[in-house]
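What follows is the content of work-v6.txt, which has compact mmCIF, C-alpha atoms:
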# COMPACT_ATOMS: atom_id res chain seq x y z
CA LYS A 1 159.11 -43.31 144.76
CA LEU A 2 161.16 -41.57 147.43
CA GLN A 3 164.75 -40.79 146.52
CA PHE A 4 166.04 -38.48 149.26
CA LEU A 5 164.60 -37.49 152.65
CA TYR A 6 166.58 -35.65 155.27
CA PHE A 7 166.54 -32.97 157.96
CA ILE A 8 168.45 -29.69 157.75
CA GLY A 9 168.12 -27.95 161.12
CA THR A 10 164.38 -27.44 161.65
CA MET A 11 163.63 -28.11 157.97
CA LEU A 12 162.53 -31.39 156.39
CA THR A 13 163.53 -31.72 152.74
CA CYS A 14 162.86 -34.39 150.13
CA ASP A 15 163.58 -35.07 146.48
CA THR A 16 161.09 -37.44 144.90
CA ILE A 17 159.03 -38.46 141.87
CA VAL A 18 155.26 -38.60 142.21
CA THR A 19 152.61 -40.08 139.94
CA LEU A 20 149.69 -37.76 139.31
CA GLU A 21 146.09 -38.93 138.98
CA ASN A 22 146.39 -38.93 135.18
CA GLY A 23 149.47 -41.19 135.37
CA PHE A 24 152.04 -38.51 134.59
CA LYS A 25 155.28 -38.86 136.58
CA MET A 26 156.61 -35.57 137.90
CA GLY A 27 159.83 -34.79 139.74
CA MET A 28 159.68 -32.45 142.72
CA LYS A 29 161.67 -31.12 145.65
CA ARG A 30 160.16 -30.08 148.97
CA TRP A 31 161.27 -27.95 151.89
CA SER A 32 158.90 -28.22 154.88
CA PRO A 33 159.03 -26.57 158.30
CA THR A 34 158.65 -28.96 161.23
CA THR A 35 155.38 -27.23 162.11
CA PRO A 36 153.74 -26.53 158.72
CA ASP A 37 150.98 -23.96 158.35
CA ALA A 38 148.19 -24.81 155.89
CA GLN A 39 147.93 -21.11 155.00
CA LYS A 40 151.59 -20.95 153.94
CA ARG A 41 152.00 -23.37 151.04
CA ILE A 42 153.98 -22.46 147.92
CA LEU A 43 154.10 -24.42 144.66
CA CYS A 44 157.00 -23.31 142.43
CA TYR A 45 157.22 -23.68 138.66
CA PRO A 46 160.57 -22.96 136.91
CA GLY A 47 161.33 -21.41 133.56
CA TRP A 48 162.02 -22.89 130.14
CA LEU A 49 164.48 -25.84 130.23
CA ASP A 50 165.01 -25.28 133.98
CA ASN A 51 163.92 -27.52 136.83
CA ALA A 52 163.25 -27.60 140.57
CA GLY A 53 166.95 -26.92 141.18
CA SER A 54 166.45 -23.28 140.20
CA PHE A 55 164.67 -22.84 143.54
CA ASP A 56 167.43 -24.48 145.63
CA GLU A 57 168.64 -21.09 146.89
CA ILE A 58 165.37 -19.32 147.66
CA ALA A 59 163.24 -22.26 148.87
CA PRO A 60 165.16 -22.71 152.17
CA LEU A 61 164.77 -18.97 152.87
CA LEU A 62 161.02 -19.21 152.30
CA CYS A 63 160.88 -22.33 154.46
CA GLU A 64 162.72 -20.54 157.28
CA ALA A 65 159.94 -17.94 157.11
CA GLY A 66 157.41 -20.71 157.76
CA PHE A 67 156.38 -21.66 154.22
CA ASP A 68 155.98 -25.25 152.99
CA VAL A 69 157.65 -25.10 149.57
CA VAL A 70 157.36 -27.56 146.67
CA ALA A 71 159.29 -26.97 143.43
CA LEU A 72 158.43 -28.95 140.30
CA ASP A 73 160.39 -30.32 137.37
CA PRO A 74 158.35 -29.36 134.27
CA PRO A 75 157.54 -32.12 131.78
CA GLY A 76 160.62 -33.10 129.81
CA CYS A 77 163.04 -31.62 132.35
CA GLY A 78 164.75 -32.78 135.53
CA LYS A 79 163.22 -36.00 136.83
CA SER A 80 159.83 -35.54 135.18
CA GLN A 81 158.92 -37.79 132.29
CA TRP A 82 159.00 -36.62 128.69
CA MET A 83 155.82 -36.00 126.75
CA PRO A 84 155.01 -38.82 124.29
CA ALA A 85 156.82 -38.65 120.96
CA TYR A 86 153.65 -37.52 119.18
CA CYS A 87 153.03 -34.62 121.60
CA ASN A 88 154.60 -31.19 121.84
CA TYR A 89 154.97 -29.07 124.97
CA ASN A 90 152.56 -26.24 125.72
CA ASP A 91 151.50 -24.05 128.62
CA PHE A 92 147.86 -25.13 128.51
CA GLU A 93 148.52 -28.74 129.49
CA GLU A 94 151.15 -27.73 132.03
CA ALA A 95 148.71 -25.37 133.75
CA VAL A 96 146.45 -28.40 134.25
CA LEU A 97 149.42 -30.31 135.72
CA VAL A 98 149.77 -27.52 138.31
CA LYS A 99 146.21 -28.24 139.48
CA SER A 100 146.91 -31.99 139.38
CA MET A 101 149.93 -31.49 141.64
CA LEU A 102 147.85 -29.48 144.12
CA ASP A 103 145.41 -32.40 144.16
CA LYS A 104 148.24 -34.89 144.69
CA LEU A 105 149.65 -32.85 147.59
CA GLY A 106 146.22 -32.55 149.14
CA TRP A 107 146.45 -28.76 149.05
CA GLY A 108 143.06 -27.10 148.71
CA THR A 109 144.71 -23.76 148.07
CA ALA A 110 148.29 -22.62 147.61
CA ILE A 111 150.51 -19.75 146.54
CA LEU A 112 151.93 -20.21 143.03
CA PHE A 113 155.48 -18.99 142.39
CA GLY A 114 156.63 -18.97 138.76
CA HIS A 115 159.88 -17.95 137.13
CA SER A 116 160.02 -16.76 133.50
CA ARG A 117 157.92 -19.18 131.42
CA GLY A 118 156.77 -20.68 134.72
CA GLY A 119 155.21 -17.31 135.50
CA GLY A 120 153.00 -17.70 132.43
CA VAL A 121 152.04 -21.27 133.31
CA THR A 122 151.15 -20.38 136.90
CA LEU A 123 149.24 -17.27 135.81
CA LEU A 124 147.12 -19.40 133.47
CA ALA A 125 146.53 -21.86 136.32
CA ALA A 126 145.53 -19.02 138.68
CA ALA A 127 143.14 -17.62 136.07
CA SER A 128 141.62 -21.03 135.30
CA PHE A 129 141.36 -22.33 138.87
CA PRO A 130 141.01 -19.18 141.02
CA GLU A 131 139.51 -21.07 143.94
CA ARG A 132 142.77 -23.02 144.31
CA VAL A 133 145.23 -20.08 144.30
CA SER A 134 145.60 -17.69 147.25
CA ALA A 135 148.38 -15.59 145.68
CA LEU A 136 150.66 -15.46 142.68
CA VAL A 137 154.36 -14.56 142.54
CA ALA A 138 156.14 -14.19 139.20
CA VAL A 139 159.85 -13.44 138.89
CA GLU A 140 161.19 -12.15 135.58
CA ALA A 141 158.04 -13.13 133.68
CA PRO A 142 156.35 -11.05 130.97
CA PRO A 143 152.92 -9.80 132.10
CA ALA A 144 150.05 -12.16 131.38
CA ALA A 145 151.87 -13.94 128.58
CA MET A 146 152.17 -17.59 127.81
CA SER A 147 155.45 -18.98 126.45
CA GLY A 148 155.94 -18.17 122.79
CA VAL A 149 152.95 -15.84 122.60
CA PHE A 150 154.32 -12.68 121.02
CA PRO A 151 152.98 -10.36 118.29
CA LEU A 152 155.28 -11.67 115.57
CA ASP A 153 153.59 -15.07 115.88
CA LEU A 154 150.48 -13.56 114.33
CA SER A 155 152.31 -12.47 111.17
CA THR A 156 152.31 -15.98 109.71
CA THR A 157 149.53 -18.37 108.73
CA ILE A 158 148.54 -21.34 110.85
CA THR A 159 149.58 -23.82 108.14
CA THR A 160 152.99 -22.16 107.83
CA LYS A 161 153.38 -22.30 111.60
CA VAL A 162 152.49 -26.00 111.70
CA ARG A 163 155.08 -26.77 109.01
CA SER A 164 157.82 -24.69 110.65
CA ILE A 165 157.26 -26.13 114.12
CA THR A 166 157.13 -29.68 112.76
CA ALA A 167 160.44 -29.14 110.93
CA ASN A 168 161.94 -27.58 114.06
CA VAL A 169 160.93 -30.51 116.28
CA GLU A 170 162.19 -33.06 113.74
CA ARG A 171 165.52 -31.24 113.44
CA PHE A 172 166.21 -31.10 117.17
CA THR A 173 164.96 -34.64 117.76
CA LYS A 174 167.29 -35.97 115.05
CA LYS A 175 170.18 -33.90 116.37
CA GLY A 176 169.77 -35.38 119.84
CA PRO A 177 170.89 -34.02 123.21
CA LYS A 178 173.84 -31.69 123.69
CA LYS A 179 177.04 -33.45 124.81
CA PHE A 180 179.85 -32.13 126.99
CA ALA A 181 183.31 -33.49 127.77
CA SER A 182 182.74 -32.90 131.47
CA PHE A 183 180.16 -31.63 133.93
CA GLU A 184 182.32 -28.54 134.39
CA GLU A 185 182.12 -27.77 130.66
CA ALA A 186 178.33 -27.99 130.86
CA VAL A 187 178.30 -25.65 133.86
CA ILE A 188 180.52 -23.07 132.16
CA GLN A 189 178.38 -23.04 129.01
CA ASN A 190 175.14 -22.72 130.98
CA GLN A 191 176.59 -20.08 133.28
CA ASN A 192 177.74 -17.96 130.33
CA ASN A 193 174.54 -18.28 128.27
CA LYS A 194 174.38 -15.22 125.98
CA ILE A 195 170.75 -14.42 126.75
CA TYR A 196 170.41 -15.77 130.30
CA PRO A 197 173.81 -15.61 132.06
CA LYS A 198 173.70 -16.77 135.65
CA THR A 199 175.91 -17.44 138.65
CA ARG A 200 177.84 -20.66 138.93
CA LYS A 201 175.72 -21.91 141.84
CA THR A 202 172.54 -21.42 139.80
CA ALA A 203 173.98 -23.29 136.82
CA VAL A 204 175.15 -26.15 139.05
CA ASN A 205 171.78 -26.44 140.81
CA ILE A 206 169.95 -26.68 137.49
CA LEU A 207 172.42 -29.00 135.74
CA ARG A 208 172.49 -31.50 138.59
CA ARG A 209 168.97 -32.43 137.46
CA ASN A 210 169.38 -31.74 133.73
CA THR A 211 172.51 -33.77 132.88
CA ARG A 212 173.60 -37.40 132.89
CA GLN A 213 177.03 -39.03 132.58
CA GLU A 214 177.33 -41.56 129.76
CA SER A 215 179.38 -44.76 129.61
CA ASP A 216 182.10 -42.96 127.64
CA MET A 217 182.39 -40.49 130.60
CA SER A 218 180.88 -37.62 128.60
CA TRP A 219 177.90 -35.67 129.94
CA VAL A 220 174.62 -35.10 128.09
CA PHE A 221 171.86 -32.54 128.53
CA THR A 222 168.79 -34.61 129.44
CA PRO A 223 165.74 -32.38 128.71
CA ASP A 224 163.61 -33.49 125.79
CA PRO A 225 165.05 -31.91 122.58
CA LYS A 226 161.48 -31.28 121.35
CA GLN A 227 161.43 -28.30 123.71
CA TYR A 228 164.13 -26.41 121.83
CA GLY A 229 163.17 -23.47 119.65
CA ASP A 230 159.63 -22.68 118.51
CA ARG A 231 157.47 -25.62 119.54
CA GLN A 232 153.98 -24.42 120.49
CA PHE A 233 151.25 -24.83 117.90
CA MET A 234 148.64 -23.09 120.03
CA LYS A 235 149.08 -19.33 120.13
CA MET A 236 146.82 -16.71 121.67
CA GLN A 237 145.87 -13.28 120.46
CA GLN A 238 145.85 -10.18 122.64
CA THR A 239 142.11 -10.40 123.37
CA GLN A 240 142.58 -13.90 124.78
CA LEU A 241 145.52 -12.80 126.92
CA LEU A 242 143.48 -9.91 128.26
CA GLU A 243 140.76 -12.37 129.27
CA ILE A 244 143.34 -14.45 131.14
CA ALA A 245 144.71 -11.41 132.96
CA SER A 246 141.25 -10.20 133.95
CA SER A 247 140.42 -13.67 135.36
CA VAL A 248 143.18 -13.59 137.98
CA GLU A 249 141.49 -12.83 141.29
CA CYS A 250 144.28 -13.31 143.82
CA PRO A 251 146.99 -10.85 144.94
CA PHE A 252 149.81 -10.88 142.40
CA LEU A 253 153.44 -9.92 143.02
CA ARG A 254 155.70 -9.31 140.00
CA VAL A 255 159.44 -9.14 140.70
CA LEU A 256 161.68 -7.91 137.89
CA GLY A 257 165.35 -7.26 137.37
CA PRO A 258 166.49 -3.84 136.13
CA LEU A 259 167.00 -4.91 132.50
CA ASP A 260 163.98 -4.98 130.22
CA PHE A 261 162.79 -8.53 129.50
CA VAL A 262 162.66 -8.22 125.70
CA LYS A 263 165.86 -6.19 125.36
CA ARG A 264 167.69 -8.94 127.24
CA MET A 265 166.36 -11.55 124.83
CA GLN A 266 167.39 -9.86 121.61
CA PRO A 267 169.18 -6.72 120.39
CA LEU A 268 166.81 -4.24 118.80
CA ASN A 269 168.79 -3.45 115.67
CA THR A 270 166.30 -3.63 112.83
CA GLU A 271 163.13 -1.64 112.26
CA LYS A 272 161.13 -4.88 112.49
CA GLU A 273 162.61 -5.64 115.91
CA LYS A 274 161.98 -2.10 117.14
CA SER A 275 158.40 -2.20 115.86
CA TYR A 276 157.91 -5.55 117.60
CA TYR A 277 159.25 -4.15 120.84
CA GLU A 278 156.88 -1.16 120.76
CA LEU A 279 153.92 -3.46 120.08
CA TYR A 280 155.04 -5.75 122.89
CA LYS A 281 155.18 -2.80 125.30
CA ARG A 282 151.68 -1.63 124.35
CA ASN A 283 150.25 -5.12 124.67
CA SER A 284 151.98 -5.62 128.02
CA GLN A 285 150.54 -2.39 129.40
CA GLU A 286 147.06 -3.47 128.32
CA ARG A 287 147.49 -6.80 130.10
CA LEU A 288 148.79 -5.16 133.25
CA ALA A 289 145.78 -2.85 133.30
CA CYS A 290 143.50 -5.91 133.39
CA LEU A 291 145.13 -7.33 136.52
CA LYS A 292 143.00 -6.45 139.54
CA ASN A 293 145.47 -6.72 142.40
CA VAL A 294 149.05 -6.53 141.14
CA THR A 295 152.20 -5.22 142.83
CA THR A 296 155.35 -4.75 140.74
CA VAL A 297 158.81 -4.52 142.29
CA VAL A 298 161.85 -3.72 140.14
CA LEU A 299 165.11 -4.72 141.81
CA ALA A 300 168.18 -2.52 141.64
CA ALA A 301 170.34 -5.39 140.38
CA GLY A 302 170.05 -8.94 139.13
CA GLY A 303 169.71 -11.01 135.97
CA HIS A 304 167.00 -13.28 134.64
CA HIS A 305 167.61 -15.91 137.36
CA VAL A 306 167.72 -13.35 140.15
CA HIS A 307 165.55 -15.57 142.41
CA SER A 308 168.52 -17.96 142.51
CA ASP A 309 171.50 -15.70 141.83
CA ASP A 310 170.46 -13.33 144.61
CA ALA A 311 167.87 -15.28 146.60
CA PRO A 312 168.08 -13.09 149.75
CA SER A 313 167.06 -9.96 147.81
CA VAL A 314 164.07 -11.68 146.23
CA SER A 315 163.07 -13.36 149.49
CA ALA A 316 163.17 -9.96 151.21
CA VAL A 317 160.44 -8.82 148.80
CA VAL A 318 158.39 -12.02 148.60
CA VAL A 319 158.14 -12.94 152.29
CA PRO A 320 156.60 -9.64 153.51
CA PHE A 321 154.14 -9.68 150.59
CA LEU A 322 153.01 -13.24 151.33
CA SER A 323 152.94 -12.71 155.09
CA ASN A 324 150.22 -10.07 154.73
CA LEU A 325 147.77 -12.06 152.62
CA PRO A 326 144.14 -12.35 153.69
CA VAL A 327 143.31 -15.69 155.33
CA ARG A 328 141.61 -18.17 153.01
CA SER A 329 138.90 -20.38 154.51
CA LYS A 330 139.31 -23.27 152.03
CA LEU A 331 142.53 -25.22 152.65
Rendering of file as structure tokens:
Amino acid sequence: KLQFLYFIGTMLTCDTIVTLENGFKMGMKRWSPTTPDAQKRILCYPGWLDNAGSFDEIAPLLCEAGFDVVALDPPGCGKSQWMPAYCNYNDFEEAVLVKSMLDKLGWGTAILFGHSRGGGVTLLAAASFPERVSALVAVEAPPAAMSGVFPLDLSTTITTKVRSITANVERFTKKGPKKFASFEEAVIQNQNNKIYPKTRKTAVNILRRNTRQESDMSWVFTPDPKQYGDRQFMKMQQTQLLEIASSVECPFLRVLGPLDFVKRMQPLNTEKEKSYYELYKRNSQERLACLKNVTTVVLAAGGHHVHSDDAPSVSAVVVPFLSNLPVRSKL
């Protein structure tokens, strides 16, 4: 199902929905050079409640450097289908979808580029299918962590967690999607998000794929409400995360903004929060120590969506790193 296909200078771009081998329908955008190189393929996975639009700024810069770039809409976001009503969203299944998309594209190997939660999904994919991943890039992603996997999750029983997540999903499903009087109102709210503020262009790029105008002329937020809040039943302990980190074989570039990931997410006011933060730091250092070939770059400026807000700065780090990768024989 092809929706848009056009040339921009020497770049071929398309916006389409593909059906994977398992029947799942996934939205994607692609930026291809006119003379593609099989060694320079990048599959991008966005963060929580984002979509392929979050790569609209950096993908053309990567394409100009010779890379064939595909950005995905995660399940329940953008143009991808929602998970069935009886299913929740989790990183494990989405890591398998990454492999399925590589199969659909006919890419034997590729570079995986993840932002935030997408960094966790792509890291799990790289650890699980190392023969398919030539390099890994993660922007503003916690080290070797899947979405929702934090120490405080282990302080409650499994049965309590099942009940709380079920109640959370039922509450947001009943509440329905967020509504806005205009597209501009949606942009302003998204741009000024308290935890993840972003530039206007980033908000617009994401909301073009995450909103819909209704018959009453209002606008609604289209991602599946089941994704809001705590929604993952399957959690992993530190030993499991260390195993994932130690299984990543490819070169790994981590790009971070100057503000600490956890401190941006929540103020550390209480003793419980401070204790959590210290445990998170220790666990993160242990995970980083398990990564065999990791390079970390901390930018002088930029927020959580720095790959979009300031794409040239991130591209200036990513392109040289990827241009010096060893040649892989399996394409």
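What separates atom CA of A:Lys161 from atom CA of A:Ser128 is a distance of 26.5 Å.
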With all atoms listed in the file as the atoms that count, which of A:Phe129, A:Tyr280, A:Tyr196, A:Tyr45 lies nearest to A:Gly114?
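Using all atoms listed in the file, the shortest distance to A:Gly114 belongs to A:Tyr45.
With all atoms listed in the file as the atoms that count, the residue of A:Asp103, A:Asp73, A:Glu271, A:Glu140 with the shortest distance to A:Cys44 is A:Asp73.
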In the coordinates of the file, take the point (143.2, -10.8, 135.3) and a cut-off of 7 Å; then, counting all atoms listed in the file, name each qualifying protein, DNA or RNA residue as number ranges by chain.
A: 127, 243-249, 290-292
Next, write the just-selected residues to a file, as a PDB file, in the frame of the given file, keeping C-alpha atoms as the atom set.
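What landed in part.pdb:
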ATOM      1  CA  ALA A 127     143.140 -17.620 136.070  1.00  0.00           C
ATOM      2  CA  GLU A 243     140.760 -12.370 129.270  1.00  0.00           C
ATOM      3  CA  ILE A 244     143.340 -14.450 131.140  1.00  0.00           C
ATOM      4  CA  ALA A 245     144.710 -11.410 132.960  1.00  0.00           C
ATOM      5  CA  SER A 246     141.250 -10.200 133.950  1.00  0.00           C
ATOM      6  CA  SER A 247     140.420 -13.670 135.360  1.00  0.00           C
ATOM      7  CA  VAL A 248     143.180 -13.590 137.980  1.00  0.00           C
ATOM      8  CA  GLU A 249     141.490 -12.830 141.290  1.00  0.00           C
ATOM      9  CA  CYS A 290     143.500  -5.910 133.390  1.00  0.00           C
ATOM     10  CA  LEU A 291     145.130  -7.330 136.520  1.00  0.00           C
ATOM     11  CA  LYS A 292     143.000  -6.450 139.540  1.00  0.00           C
TER      12      LYS A 292
END
Long-range neighbours of A:Glu93 as a PyMOL selection string, 12 Å cut-off, only C-alpha atoms, 2 positions minimum in chain:
chain A and resi 22+24+74-75+83+87-91+95-100+121-122+124-125+128+146+232+234
Create the file for the chosen residues now, containing C-alpha atoms and written as a PDB file, in the frame of the given file.
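Below you can see part-v1.pdb, which holds the result:
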ATOM      1  CA  ASN A  22     146.390 -38.930 135.180  1.00  0.00           C
ATOM      2  CA  PHE A  24     152.040 -38.510 134.590  1.00  0.00           C
ATOM      3  CA  PRO A  74     158.350 -29.360 134.270  1.00  0.00           C
ATOM      4  CA  PRO A  75     157.540 -32.120 131.780  1.00  0.00           C
ATOM      5  CA  MET A  83     155.820 -36.000 126.750  1.00  0.00           C
ATOM      6  CA  CYS A  87     153.030 -34.620 121.600  1.00  0.00           C
ATOM      7  CA  ASN A  88     154.600 -31.190 121.840  1.00  0.00           C
ATOM      8  CA  TYR A  89     154.970 -29.070 124.970  1.00  0.00           C
ATOM      9  CA  ASN A  90     152.560 -26.240 125.720  1.00  0.00           C
ATOM     10  CA  ASP A  91     151.500 -24.050 128.620  1.00  0.00           C
ATOM     11  CA  ALA A  95     148.710 -25.370 133.750  1.00  0.00           C
ATOM     12  CA  VAL A  96     146.450 -28.400 134.250  1.00  0.00           C
ATOM     13  CA  LEU A  97     149.420 -30.310 135.720  1.00  0.00           C
ATOM     14  CA  VAL A  98     149.770 -27.520 138.310  1.00  0.00           C
ATOM     15  CA  LYS A  99     146.210 -28.240 139.480  1.00  0.00           C
ATOM     16  CA  SER A 100     146.910 -31.990 139.380  1.00  0.00           C
ATOM     17  CA  VAL A 121     152.040 -21.270 133.310  1.00  0.00           C
ATOM     18  CA  THR A 122     151.150 -20.380 136.900  1.00  0.00           C
ATOM     19  CA  LEU A 124     147.120 -19.400 133.470  1.00  0.00           C
ATOM     20  CA  ALA A 125     146.530 -21.860 136.320  1.00  0.00           C
ATOM     21  CA  SER A 128     141.620 -21.030 135.300  1.00  0.00           C
ATOM     22  CA  MET A 146     152.170 -17.590 127.810  1.00  0.00           C
ATOM     23  CA  GLN A 232     153.980 -24.420 120.490  1.00  0.00           C
ATOM     24  CA  MET A 234     148.640 -23.090 120.030  1.00  0.00           C
TER      25      MET A 234
END
Could you give me, as number ranges by chain, the residues within 8 Å of stretch 109-112 of chain A, counting all atoms listed in the file and dropping anything in the same chain fewer than 5 positions from it?
A: 39-45, 102, 122, 126, 131-137, 330-331
Between atom CA of A:Glu64 and atom CA of A:Val317, measure the distance and give it in Å to one decimal.
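Straight-line distance from atom CA of A:Glu64 to atom CA of A:Val317 works out to 14.6 Å.
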Specify the axis-aligned box that encloses all atoms of stretch 29-36 of chain A listed in the file after padding of 6 Å on each side, stating its centre and edge lengths in Å to one decimal as lines of an AutoDock Vina configuration file.
center_x = 157.7
center_y = -28.8
center_z = 153.9
size_x = 19.9
size_y = 16.6
size_z = 28.5
Rank A:Ala85, A:Ala300, A:Cys14, A:Leu268 by their smallest atom-to-atom distance to A:Ala52, using all atoms listed in the file, and report the top residue only.
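Answer, going by the shortest atom-to-atom distance: A:Cys14.
Taking all atoms listed in the file into account, A:Ile206 lies nearest to A:Phe183 out of the set A:Phe183, A:Phe92, A:Trp82, A:Phe67.
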Work out how far atom CA of A:Glu273 is from atom CA of A:Asn168, in Å to one decimal.
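Interatomic distance here is 22.0 Å.
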When you count all atoms listed in the file, which of these residues is closest to A:Val204: A:Thr35, A:Gln285, A:Asn51, A:Thr16?
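Smallest separation from A:Val204 among the options: A:Asn51.
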Could you check which of A:Asp68, A:Asp309, A:Glu94, A:Glu214 is closest to A:Gly257, using all atoms listed in the file?
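Closest to A:Gly257, using all atoms listed in the file: A:Asp309.
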